[in-house]
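Structure below is data-v6.txt: compact mmCIF, C-alpha atoms.
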# COMPACT_ATOMS: atom_id res chain seq x y z
CA MET A 1 -0.56 -61.44 25.50
CA LYS A 2 2.73 -60.08 26.75
CA ALA A 3 3.11 -56.30 27.10
CA LEU A 4 6.13 -54.90 25.28
CA GLY A 5 8.33 -52.34 26.99
CA LYS A 6 9.00 -48.93 25.56
CA MET A 7 12.01 -48.80 23.20
CA LYS A 8 14.86 -46.63 24.34
CA LYS A 9 16.04 -43.96 21.89
CA VAL A 10 19.75 -43.74 21.22
CA GLY A 11 21.88 -41.37 19.18
CA PRO A 12 22.19 -37.60 19.05
CA THR A 13 18.47 -37.03 18.40
CA ARG A 14 17.30 -39.15 21.32
CA GLY A 15 15.74 -36.22 23.15
CA LEU A 16 13.96 -34.69 20.19
CA GLY A 17 11.38 -37.41 19.62
CA PRO A 18 9.14 -36.85 16.60
CA ARG A 19 9.58 -33.07 16.66
CA TYR A 20 11.22 -30.78 14.08
CA GLY A 21 10.93 -33.10 11.05
CA ALA A 22 13.13 -35.84 9.64
CA THR A 23 15.31 -33.59 7.47
CA VAL A 24 16.23 -31.26 10.32
CA ARG A 25 17.00 -34.20 12.61
CA LYS A 26 19.23 -35.80 9.94
CA ARG A 27 21.17 -32.55 9.49
CA TYR A 28 21.49 -32.26 13.27
CA VAL A 29 22.88 -35.81 13.50
CA LYS A 30 25.47 -35.08 10.79
CA VAL A 31 26.68 -31.91 12.52
CA ILE A 32 26.79 -33.35 16.05
CA THR A 33 28.57 -36.57 15.04
CA GLU A 34 31.20 -34.51 13.21
CA LEU A 35 31.60 -32.33 16.31
CA LYS A 36 31.95 -35.25 18.72
CA LYS A 37 34.29 -37.45 16.66
CA GLU A 38 38.00 -37.49 17.38
CA HIS A 39 40.07 -34.94 15.47
CA LYS A 40 43.82 -34.89 14.85
CA CYS A 41 45.94 -32.09 16.27
CA PRO A 42 47.75 -30.07 13.57
CA GLN A 43 50.74 -29.57 15.88
CA CYS A 44 51.42 -32.93 17.59
CA GLY A 45 49.33 -35.28 15.43
CA PHE A 46 47.47 -36.98 18.29
CA THR A 47 43.69 -37.36 18.17
CA ARG A 48 43.01 -35.32 21.29
CA VAL A 49 41.41 -32.18 19.87
CA ARG A 50 38.20 -30.93 21.52
CA ARG A 51 36.10 -27.84 20.93
CA GLU A 52 36.47 -25.16 23.60
CA SER A 53 33.84 -22.80 22.17
CA VAL A 54 32.44 -21.92 18.76
CA GLY A 55 35.41 -21.91 16.39
CA VAL A 56 38.04 -22.45 19.11
CA TRP A 57 39.69 -25.88 19.32
CA LYS A 58 42.27 -27.16 21.80
CA CYS A 59 44.51 -30.22 21.90
CA LYS A 60 44.36 -31.95 25.28
CA LYS A 61 47.87 -33.39 24.87
CA CYS A 62 50.01 -30.41 23.84
CA ASP A 63 47.62 -27.57 24.88
CA PHE A 64 47.76 -26.13 21.35
CA THR A 65 44.79 -23.78 20.85
CA PHE A 66 43.72 -22.85 17.34
CA THR A 67 40.74 -21.57 15.41
CA GLY A 68 38.64 -23.53 13.00
CA GLY A 69 35.04 -24.01 12.02
CA ALA A 70 32.08 -24.00 14.36
CA TYR A 71 31.65 -27.77 14.23
CA THR A 72 34.90 -29.00 12.65
CA PRO A 73 38.46 -27.88 13.36
CA ILE A 74 39.35 -27.69 9.64
CA THR A 75 37.01 -26.26 7.00
CA LYS A 76 37.25 -26.28 3.21
CA LEU A 77 37.27 -22.49 3.14
CA GLY A 78 40.08 -22.43 5.70
CA VAL A 79 42.19 -24.76 3.54
CA VAL A 80 41.65 -22.51 0.52
CA ALA A 81 42.50 -19.40 2.55
CA LYS A 82 45.69 -20.97 3.89
CA ARG A 83 46.83 -21.90 0.39
CA ALA A 84 45.99 -18.43 -0.92
CA ALA A 85 48.00 -16.89 1.93
CA LYS A 86 51.01 -18.98 0.93
CA GLY A 87 50.75 -17.55 -2.58
CA MET A 88 49.66 -20.57 -4.60
CA PRO A 89 48.03 -19.77 -7.94
CA VAL A 90 44.22 -19.87 -7.95
CA GLU A 91 44.06 -22.75 -10.46
CA GLU A 92 46.20 -24.99 -8.25
CA THR A 93 44.13 -24.06 -5.19
CA GLU A 94 40.86 -24.98 -6.93
CA LYS A 95 42.42 -28.21 -8.19
CA ALA A 96 43.60 -29.15 -4.68
CA VAL A 97 40.15 -28.48 -3.20
CA ALA A 98 38.54 -30.65 -5.88
CA GLU A 99 40.97 -33.46 -5.01
CA GLU A 100 40.11 -33.19 -1.31
CA LYS A 101 36.39 -33.51 -2.09
CA THR A 102 37.00 -36.82 -3.86
CA GLU A 103 38.90 -38.25 -0.86

Can the structure in the file be given as structure tokens, please?
Amino acid sequence: MKALGKMKKVGPTRGLGPRYGATVRKRYVKVITELKKEHKCPQCGFTRVRRESVGVWKCKKCDFTFTGGAYTPITKLGVVAKRAAKGMPVEETEKAVAEEKTE
């Protein structure tokens, strides 16, 4: 009988093993993959945005630094706040957020 080698773990939870439970590991994977994926710069449009620290994002191409969410550069609450600051009526803001959820 041939001895099988140990399988190598891949993915964001590779170092956790069986610890912390499946639900926590799944939530961790969702957050980390969103953090690591390429994001588009709001100024130049290139996908070169990286997180500098919690809530601080920087484009590597144009050196544009801006604030956003802890794990994503653009949050739903930030979109709503930006629209409210521009003076859009509340109904239109809620409608626009509902449309973004469907996309």

- request: Determine, counting all atoms listed in the file, which protein, DNA and RNA residues have an atom within 6 Å of an atom of segment 33-40 of chain A; residues of the same chain fewer than 2 positions away are not included. Present the result as a ChimeraX atom specification.
  value: /A:29-31,45-47,49,71-72

Saved selection, atoms kept: C-alpha atoms, as an mmCIF file, keeping the file's coordinate frame:
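Just written: part-v3.cif:
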data_model
loop_
_atom_site.group_PDB
_atom_site.id
_atom_site.type_symbol
_atom_site.label_atom_id
_atom_site.label_comp_id
_atom_site.auth_asym_id
_atom_site.auth_seq_id
_atom_site.Cartn_x
_atom_site.Cartn_y
_atom_site.Cartn_z
ATOM 1 C CA VAL A 29 22.880 -35.810 13.500
ATOM 2 C CA LYS A 30 25.470 -35.080 10.790
ATOM 3 C CA VAL A 31 26.680 -31.910 12.520
ATOM 4 C CA GLY A 45 49.330 -35.280 15.430
ATOM 5 C CA PHE A 46 47.470 -36.980 18.290
ATOM 6 C CA THR A 47 43.690 -37.360 18.170
ATOM 7 C CA VAL A 49 41.410 -32.180 19.870
ATOM 8 C CA TYR A 71 31.650 -27.770 14.230
ATOM 9 C CA THR A 72 34.900 -29.000 12.650
#

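The space between atom CA of Lys61 of chain A and atom CA of Lys82 of chain A spans 24.5 Å.
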
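If all atoms listed in the file are the atoms counted, then among A:Val54, A:Met7, A:Cys41, A:Ala98 the closest residue to Ala70 of chain A is A:Val54.
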
- request: Rounded to one decimal place, report the atom CA of Gly78 of chain A-atom CA of Ile32 of chain A distance in Å.
  value: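 Atom CA of Ile32 of chain A lies at a distance of 20.1 Å from atom CA of Gly78 of chain A.
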
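For the pair atom CA of Lys58 of chain A and atom CA of Val79 of chain A, the separation is 18.4 Å.
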
Selection near Thr67 of chain A, 8 Å with all atoms listed in the file, sequence-local residues under 5 positions removed, as JSON, numbers by chain: {"A": [55, 56, 57, 73]}

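Nearest residue to Ser53 of chain A, choosing from A:Gly87, A:Gly11, A:Gly17, A:Gly69 and counting all atoms listed in the file: A:Gly69.
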
field: Counting all atoms listed in the file, the residue of A:Gly21, A:Tyr28, A:Thr65, A:Lys76 that sits nearest Glu99 of chain A
entry: A:Lys76
